[in-house]
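Asks: This one is entry00.csv, CSV, C-alpha atoms.
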```csv
chain,number,residue,atom,x,y,z
A,1,MET,CA,0.0,0.0,0.0
A,2,PRO,CA,1.5,3.4,-1.0
A,3,LYS,CA,2.5,5.9,1.7
A,4,PRO,CA,0.0,8.8,2.3
A,5,ILE,CA,2.4,11.3,0.8
A,6,GLU,CA,2.7,9.2,-2.4
A,7,GLU,CA,-1.0,8.9,-2.5
A,8,LEU,CA,-1.3,12.6,-2.1
A,9,LYS,CA,1.2,13.3,-4.9
A,10,LYS,CA,-0.8,11.0,-7.2
A,11,TYR,CA,-4.1,12.6,-6.3
A,12,LEU,CA,-2.8,16.1,-7.0
A,13,GLN,CA,-1.2,15.1,-10.3
A,14,GLU,CA,-4.3,13.4,-11.5
A,15,ASN,CA,-6.3,16.6,-10.7
A,16,GLY,CA,-4.0,19.0,-12.6
A,17,LEU,CA,-1.8,20.3,-9.8
A,18,THR,CA,2.0,20.3,-10.5
A,19,ARG,CA,4.9,20.3,-8.1
A,20,ILE,CA,6.5,23.7,-7.8
A,21,GLU,CA,9.6,24.8,-5.8
A,22,PHE,CA,8.6,27.2,-3.0
A,23,HIS,CA,10.9,28.6,-0.4
A,24,GLY,CA,10.6,27.2,3.1
A,25,THR,CA,8.5,24.2,2.2
A,26,SER,CA,9.2,20.5,1.7
A,27,TYR,CA,6.7,20.2,-1.1
A,28,ALA,CA,4.3,22.6,-2.8
A,29,TRP,CA,1.8,22.1,-5.6
A,30,GLY,CA,-0.2,24.6,-7.6
A,31,PHE,CA,-1.9,25.4,-10.9
A,32,ARG,CA,0.4,28.4,-11.5
A,33,GLU,CA,4.1,29.0,-10.9
A,34,ASN,CA,5.0,30.6,-7.6
A,35,GLU,CA,1.4,30.3,-6.3
A,36,PRO,CA,1.1,27.1,-4.2
A,37,ILE,CA,-2.4,25.8,-3.5
A,38,ILE,CA,-1.2,23.1,-1.1
A,39,ALA,CA,2.2,23.2,0.6
A,40,LEU,CA,3.8,20.9,3.2
A,41,ILE,CA,6.5,21.4,5.8
A,42,ASN,CA,7.6,18.0,6.8
A,43,GLU,CA,10.3,18.3,9.5
A,44,LYS,CA,11.1,16.0,12.4
A,45,ASP,CA,12.8,18.8,14.3
A,46,PRO,CA,10.0,21.0,15.6
A,47,GLY,CA,12.4,24.0,16.1
A,48,ILE,CA,13.4,23.9,12.4
A,49,ALA,CA,9.7,23.5,11.4
A,50,PHE,CA,8.7,26.4,13.5
A,51,GLN,CA,11.5,28.6,12.0
A,52,SER,CA,10.4,27.6,8.5
A,53,ILE,CA,6.8,28.6,9.2
A,54,MET,CA,7.8,31.9,10.7
A,55,SER,CA,10.1,32.8,7.8
A,56,LEU,CA,7.3,31.9,5.4
A,57,TYR,CA,4.6,34.1,7.0
A,58,TRP,CA,6.2,36.7,9.3
A,59,ALA,CA,9.6,37.3,7.9
A,60,SER,CA,8.6,37.4,4.2
A,61,ALA,CA,7.3,40.5,2.5
A,62,ASP,CA,3.5,41.0,2.2
A,63,TYR,CA,3.7,40.9,-1.6
A,64,ILE,CA,5.2,37.4,-1.6
A,65,THR,CA,2.4,34.9,-2.2
A,66,LYS,CA,1.7,32.5,0.7
A,67,PRO,CA,0.4,29.0,0.2
A,68,TRP,CA,-3.4,28.9,0.2
A,69,CYS,CA,-3.2,25.9,2.6
A,70,LEU,CA,-0.1,25.0,4.5
A,71,LEU,CA,0.2,21.5,6.0
A,72,ILE,CA,2.6,21.0,8.9
A,73,GLU,CA,3.9,17.5,9.7
A,74,THR,CA,5.9,17.7,12.8
A,75,GLU,CA,5.6,16.7,16.5
A,76,ASN,CA,6.3,18.0,20.0
A,77,ILE,CA,6.0,21.7,19.2
A,78,PRO,CA,6.8,23.5,22.5
A,79,SER,CA,3.8,25.2,24.1
A,80,HIS,CA,5.0,28.8,23.6
A,81,GLN,CA,5.6,28.1,19.9
A,82,ARG,CA,2.2,26.3,19.7
A,83,ASN,CA,0.5,29.5,20.9
A,84,MET,CA,2.2,31.5,18.2
A,85,LEU,CA,1.2,29.0,15.6
A,86,ASP,CA,-2.4,29.0,16.8
A,87,ASN,CA,-2.4,32.8,16.4
A,88,LEU,CA,-0.9,32.5,13.0
A,89,ALA,CA,-3.5,29.8,12.0
A,90,SER,CA,-6.3,32.3,13.0
A,91,GLN,CA,-5.1,34.5,10.1
A,92,TYR,CA,-4.0,31.9,7.6
A,93,ASN,CA,-5.1,28.4,6.5
A,94,ILE,CA,-2.6,26.3,8.4
A,95,LYS,CA,-3.3,22.7,9.4
A,96,GLN,CA,-1.2,20.3,11.5
A,97,VAL,CA,-1.2,16.8,10.1
A,98,SER,CA,0.3,13.4,10.7
A,99,GLU,CA,1.4,10.8,8.2
A,100,ASP,CA,-2.0,9.2,8.6
A,101,THR,CA,-4.1,12.3,8.1
A,102,ILE,CA,-2.1,14.2,5.5
A,103,PHE,CA,-4.0,12.8,2.5
A,104,ASP,CA,-7.5,13.2,3.9
A,105,THR,CA,-6.8,16.7,5.2
A,106,ALA,CA,-5.5,17.9,1.8
A,107,ARG,CA,-8.4,16.4,-0.1
A,108,LYS,CA,-10.9,18.0,2.3
A,109,GLN,CA,-9.2,21.4,1.8
A,110,LEU,CA,-9.4,21.1,-1.9
A,111,GLU,CA,-13.0,20.0,-1.8
A,112,TYR,CA,-13.7,23.2,0.2
A,113,LEU,CA,-11.8,25.3,-2.4
A,114,ILE,CA,-14.0,23.7,-5.1
A,115,ASP,CA,-17.1,24.7,-3.0
A,116,ILE,CA,-16.2,28.3,-2.5
A,117,LEU,CA,-14.8,28.9,-6.0
A,118,ASN,CA,-17.7,27.1,-7.8
A,119,GLU,CA,-18.3,30.2,-9.9
A,120,TYR,CA,-15.3,29.2,-12.0
A,121,ILE,CA,-16.4,25.6,-12.5
A,122,PRO,CA,-18.9,24.5,-15.2
A,123,GLU,CA,-22.2,23.2,-13.8
A,124,ASN,CA,-22.4,19.4,-13.3
A,125,SER,CA,-18.6,19.1,-13.9
A,126,GLU,CA,-17.3,15.6,-13.6
A,127,ARG,CA,-13.8,16.8,-12.7
A,128,PRO,CA,-14.3,20.0,-10.7
A,129,LEU,CA,-10.8,20.4,-9.4
A,130,GLN,CA,-9.3,20.0,-12.8
A,131,ASP,CA,-11.8,22.4,-14.3
A,132,LEU,CA,-11.1,24.9,-11.5
A,133,GLY,CA,-7.4,24.6,-12.3
A,134,GLU,CA,-7.9,25.2,-16.0
A,135,SER,CA,-9.9,28.4,-15.1
A,136,ILE,CA,-7.2,29.6,-12.7
A,137,LYS,CA,-4.5,29.1,-15.4
A,138,ASN,CA,-6.5,31.3,-17.8
A,139,TRP,CA,-7.6,34.1,-15.4
A,140,ARG,CA,-4.9,36.5,-16.6
A,141,GLN,CA,-5.8,36.0,-20.3
A,142,GLU,CA,-9.6,35.7,-20.0
A,143,LYS,CA,-10.0,38.4,-17.3
A,144,PRO,CA,-13.2,37.0,-15.7
A,145,ALA,CA,-15.0,39.7,-13.6
A,146,LYS,CA,-17.9,38.7,-11.4
A,147,GLU,CA,-20.0,41.6,-10.2
A,148,TYR,CA,-23.0,41.6,-7.8
A,149,ILE,CA,-25.4,44.5,-7.2
A,150,TYR,CA,-27.6,44.4,-4.1
A,151,LYS,CA,-30.3,46.7,-2.8
A,152,ALA,CA,-29.4,47.3,0.8
A,153,GLN,CA,-30.0,49.3,3.9
A,154,ILE,CA,-26.7,51.0,4.8
A,155,GLU,CA,-26.2,52.6,8.2
A,156,THR,CA,-23.2,54.7,8.7
A,157,GLY,CA,-21.1,55.2,11.8
A,158,ASN,CA,-18.8,58.2,12.3
A,159,ILE,CA,-17.7,59.0,8.8
A,160,ASP,CA,-16.2,62.4,9.7
A,161,ILE,CA,-12.9,60.9,8.7
A,162,TYR,CA,-13.9,61.6,5.1
A,163,LYS,CA,-14.7,65.3,5.7
A,164,GLU,CA,-12.5,67.9,4.1
A,165,ASN,CA,-12.8,71.4,5.7
A,166,ASN,CA,-15.6,70.0,7.8
A,167,VAL,CA,-17.6,69.1,4.7
A,168,LEU,CA,-18.2,65.7,3.1
A,169,THR,CA,-16.8,66.2,-0.3
A,170,PRO,CA,-15.0,63.9,-2.7
A,171,ASN,CA,-11.4,63.5,-1.7
A,172,ARG,CA,-8.5,61.0,-1.4
A,173,LYS,CA,-8.8,60.3,2.3
A,174,THR,CA,-9.0,56.7,3.2
A,175,ILE,CA,-9.0,54.6,6.4
A,176,PRO,CA,-8.2,50.8,6.4
A,177,LEU,CA,-11.4,48.8,7.1
A,178,THR,CA,-12.1,45.2,7.6
A,179,ALA,CA,-15.1,43.8,5.7
A,180,THR,CA,-16.9,41.1,7.8
A,181,SER,CA,-19.8,38.8,7.3
A,182,GLY,CA,-20.5,36.0,9.7
A,183,ASP,CA,-17.1,34.6,10.7
A,184,LYS,CA,-15.4,35.6,7.3
A,185,ARG,CA,-13.4,38.7,6.9
A,186,VAL,CA,-11.2,40.6,4.4
A,187,GLU,CA,-8.8,43.2,5.7
A,188,SER,CA,-7.3,46.4,4.4
A,189,ILE,CA,-10.4,47.6,2.5
A,190,LEU,CA,-9.8,51.3,1.6
A,191,PRO,CA,-13.0,53.0,0.4
A,192,ARG,CA,-12.7,56.6,-0.8
A,193,LEU,CA,-15.5,59.1,-1.0
A,194,VAL,CA,-16.0,59.7,-4.7
A,195,GLU,CA,-19.5,61.4,-4.8
A,196,ALA,CA,-21.3,63.6,-2.3
A,197,GLU,CA,-24.3,65.2,-4.1
A,198,LYS,CA,-27.5,63.2,-4.4
A,199,ASN,CA,-25.9,60.2,-2.8
A,200,LEU,CA,-22.8,59.5,-0.9
A,201,VAL,CA,-20.7,57.1,-2.9
A,202,PHE,CA,-17.7,55.3,-1.5
A,203,ASP,CA,-15.6,53.2,-3.8
A,204,THR,CA,-12.4,51.1,-3.7
A,205,GLU,CA,-11.8,50.9,-7.4
A,206,HIS,CA,-9.0,53.5,-7.3
A,207,ARG,CA,-6.7,50.8,-5.8
A,208,ASN,CA,-6.6,48.7,-8.9
A,209,LEU,CA,-6.9,45.5,-6.8
A,210,PRO,CA,-9.0,42.4,-7.6
A,211,MET,CA,-11.7,43.1,-5.0
A,212,VAL,CA,-13.9,46.1,-5.5
A,213,PHE,CA,-16.5,47.4,-3.0
A,214,LYS,CA,-18.8,50.2,-3.8
A,215,LEU,CA,-21.4,51.7,-1.5
A,216,ILE,CA,-24.1,54.0,-2.8
A,217,ILE,CA,-25.9,55.6,0.2
A,218,GLY,CA,-29.2,57.5,-0.2
A,219,GLU,CA,-32.9,56.9,-0.8
A,220,ASP,CA,-32.1,53.9,-3.0
A,221,SER,CA,-29.0,52.5,-1.4
A,222,ARG,CA,-26.9,49.9,-3.2
A,223,LEU,CA,-23.9,47.7,-2.4
A,224,ILE,CA,-21.8,46.5,-5.3
A,225,THR,CA,-19.1,43.9,-5.0
A,226,ARG,CA,-16.8,42.7,-7.8
A,227,PHE,CA,-13.9,40.4,-8.2
A,228,GLU,CA,-11.5,40.8,-11.1
A,229,ALA,CA,-9.7,37.5,-11.2
A,230,ASP,CA,-6.9,38.5,-13.6
A,231,LYS,CA,-5.6,40.9,-10.9
A,232,GLY,CA,-5.6,38.4,-8.1
A,233,ASN,CA,-4.1,35.3,-6.6
A,234,ILE,CA,-5.8,32.3,-5.1
A,235,ILE,CA,-5.7,33.6,-1.5
A,236,GLU,CA,-7.4,36.8,-2.6
A,237,ALA,CA,-10.0,34.9,-4.6
A,238,ALA,CA,-10.7,32.5,-1.7
A,239,GLY,CA,-11.1,35.5,0.6
A,240,PHE,CA,-13.6,37.3,-1.6
A,241,TRP,CA,-15.7,34.3,-2.3
A,242,GLU,CA,-15.8,33.2,1.3
A,243,LEU,CA,-17.1,36.7,2.1
A,244,TYR,CA,-19.6,36.5,-0.8
A,245,HIS,CA,-21.0,33.2,0.4
A,246,ALA,CA,-21.1,34.4,4.1
A,247,PHE,CA,-23.0,37.5,3.0
A,248,ASN,CA,-25.5,35.5,1.0
A,249,GLU,CA,-26.2,33.5,4.1
A,250,SER,CA,-26.2,36.2,6.8
A,251,LYS,CA,-27.5,39.1,4.6
A,252,ARG,CA,-25.2,41.5,6.5
A,253,LEU,CA,-21.8,42.9,5.5
A,254,ALA,CA,-20.1,45.3,7.9
A,255,PHE,CA,-17.0,47.5,7.3
A,256,ILE,CA,-15.2,47.9,10.6
A,257,GLU,CA,-12.4,50.2,11.7
A,258,PRO,CA,-10.0,47.5,13.2
A,259,ASN,CA,-8.2,49.7,15.7
A,260,THR,CA,-11.4,50.8,17.5
A,261,GLY,CA,-13.9,48.1,16.4
A,262,ASP,CA,-16.3,50.8,15.3
A,263,ILE,CA,-18.6,50.0,12.3
A,264,LEU,CA,-18.4,52.7,9.6
A,265,PHE,CA,-20.7,51.0,7.2
A,266,ASP,CA,-23.3,48.4,8.2
A,267,CYS,CA,-25.0,46.9,5.1
A,268,THR,CA,-28.1,44.7,5.4
A,269,ARG,CA,-29.3,43.1,2.2
A,270,ILE,CA,-32.9,43.6,1.1
A,271,ASP,CA,-33.9,40.3,-0.4
A,272,ASP,CA,-37.1,41.2,-2.2
A,273,ASP,CA,-35.4,43.5,-4.7
A,274,HIS,CA,-31.8,42.7,-5.6
A,275,ARG,CA,-29.8,42.0,-8.8
A,276,ASP,CA,-26.9,39.8,-9.3
A,277,ASP,CA,-25.1,40.9,-12.5
```
Please re-express this file's structure in structure tokens.
Replies:
Amino acid sequence: MPKPIEELKKYLQENGLTRIEFHGTSYAWGFRENEPIIALINEKDPGIAFQSIMSLYWASADYITKPWCLLIETENIPSHQRNMLDNLASQYNIKQVSEDTIFDTARKQLEYLIDILNEYIPENSERPLQDLGESIKNWRQEKPAKEYIYKAQIETGNIDIYKENNVLTPNRKTIPLTATSGDKRVESILPRLVEAEKNLVFDTEHRNLPMVFKLIIGEDSRLITRFEADKGNIIEAAGFWELYHAFNESKRLAFIEPNTGDILFDCTRIDDDHRDD
């Protein structure tokens, strides 16, 4: 009977993932170069394993792509390092595995990825992971953009931060916000006030990033969300679509100032009149 790691390699290869070299990991697999979907740190020495994890996440620059899912196969991690890893795992998708659980854990993670990124998979696909991979490989050429327009009730908190000369007027002021729905969140959202006549309009499109959030606040308030896949990586895509699915379930999306916990924009979806474009 093949070892679980060999079984995992075979499963990933059959589903279109290829082995890629990625710093700090024992193995990494992905659909695109330098963008691991699943990575593994397999190290008997827990100290070396811990240092590899820290260099991968805390010591590397923010612009360096991280694995979407990191599997850690090591034992006897000291308690103080365990606490740090638990804190890191609250921010990133990190799973500790053993030789016996590595295959099942990786497969479940990929099944979850299929579930949240189903917009890129043909309906009734018989090979969803492969089809997802083919879509990801073509994002930069095909530039698929998914936009959703919702009628919403939008309550505002203290938005004086956007005032200029004590007046709400279009300007370049921003404040980093965290978009949250249910237990899902996306950090560093930077909406800017772009209109202030009939409606207040806040938009993030000026950042030229894959996620776009637009809030139109007035008598007929709207929330617009968009993901432009050609500009993003797999972590950004997963973050957007997790938030999308959570919003569809909870009907509420809040934009929170992380330092104070204050809600600047509280959006409640109105179900009886919405469009998904």
Asks: Mind pulling up the distance from CA of Leu113 in chain A to CA of Leu243 in chain A?
Replies: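 The value is 13.4 Å.
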Asks: Could you work out how far CA of Trp29 in chain A lies from CA of Asp230 in chain A, giving the answer in Å with one decimal?
Replies: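 These atoms are spaced 20.2 Å apart.
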Asks: So which one's closest to Leu177 in chain A, A:Pro144, A:Pro122, A:Gly261, A:Pro210? Using all atoms listed in the file, please.
Replies: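 Under the stated criterion, the closest residue is A:Gly261.
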Asks: Given the point (-4.7, 16.1, 0.4) in the file's coordinates, find the residues that have an atom at most 10 Å from it, counting only C-alpha atoms, and give them as a list of chain:residue names.
Replies: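 Using only C-alpha atoms, the matching residues come out as A:Pro4, A:Ile5, A:Glu7, A:Leu8, A:Lys9, A:Lys10, A:Tyr11, A:Leu12, A:Ile38, A:Ala39, A:Leu71, A:Thr101, A:Ile102, A:Phe103, A:Asp104, A:Thr105, A:Ala106, A:Arg107, A:Lys108, A:Gln109, A:Leu110, A:Glu111.
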Asks: At a cut-off of 9 Å, using only C-alpha atoms, what residues contact Ile114 in chain A? Leave out same-chain residues fewer than 5 positions from it and give the result as a PyMOL selection string.
Replies: chain A and resi 109+120-121+128-129+132
Asks: For a quick check of understanding, using only C-alpha atoms, which of A:Pro36, A:Asn93, A:Asn15, A:Glu257 has the smallest distance to Glu126 in chain A?
Replies: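 Among the listed residues, A:Asn15 lies closest to Glu126 in chain A.
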Asks: Find the spatial neighbours of Tyr162 in chain A, counting all atoms listed in the file, within a cut-off of 9 Å - ignore same-chain residues fewer than 5 positions away - and output them as a PyMOL selection string.
Replies: chain A and resi 167-175+192-193
Asks: From the set A:Glu14, A:Glu236, A:Glu147, A:Glu249, which residue has the shortest atom-to-atom contact distance to Ser188 in chain A, counting only C-alpha atoms?
Replies: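 Using only C-alpha atoms, Ser188 in chain A sits closest to A:Glu236.
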Asks: Using only C-alpha atoms, pick whichever of A:Leu215, A:Ala196, A:Leu70, A:Ala179 has the shortest atom-to-atom distance to Pro258 in chain A.
Replies: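 Nearest to Pro258 in chain A: A:Ala179.
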Asks: I need the residue nearest Arg140 in chain A from this list: A:Ala254, A:Ala229, A:Ala246, A:Leu190. Use all atoms listed in the file for the distance.
Replies: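 That would be A:Ala229, the residue with the smallest distance to Arg140 in chain A.
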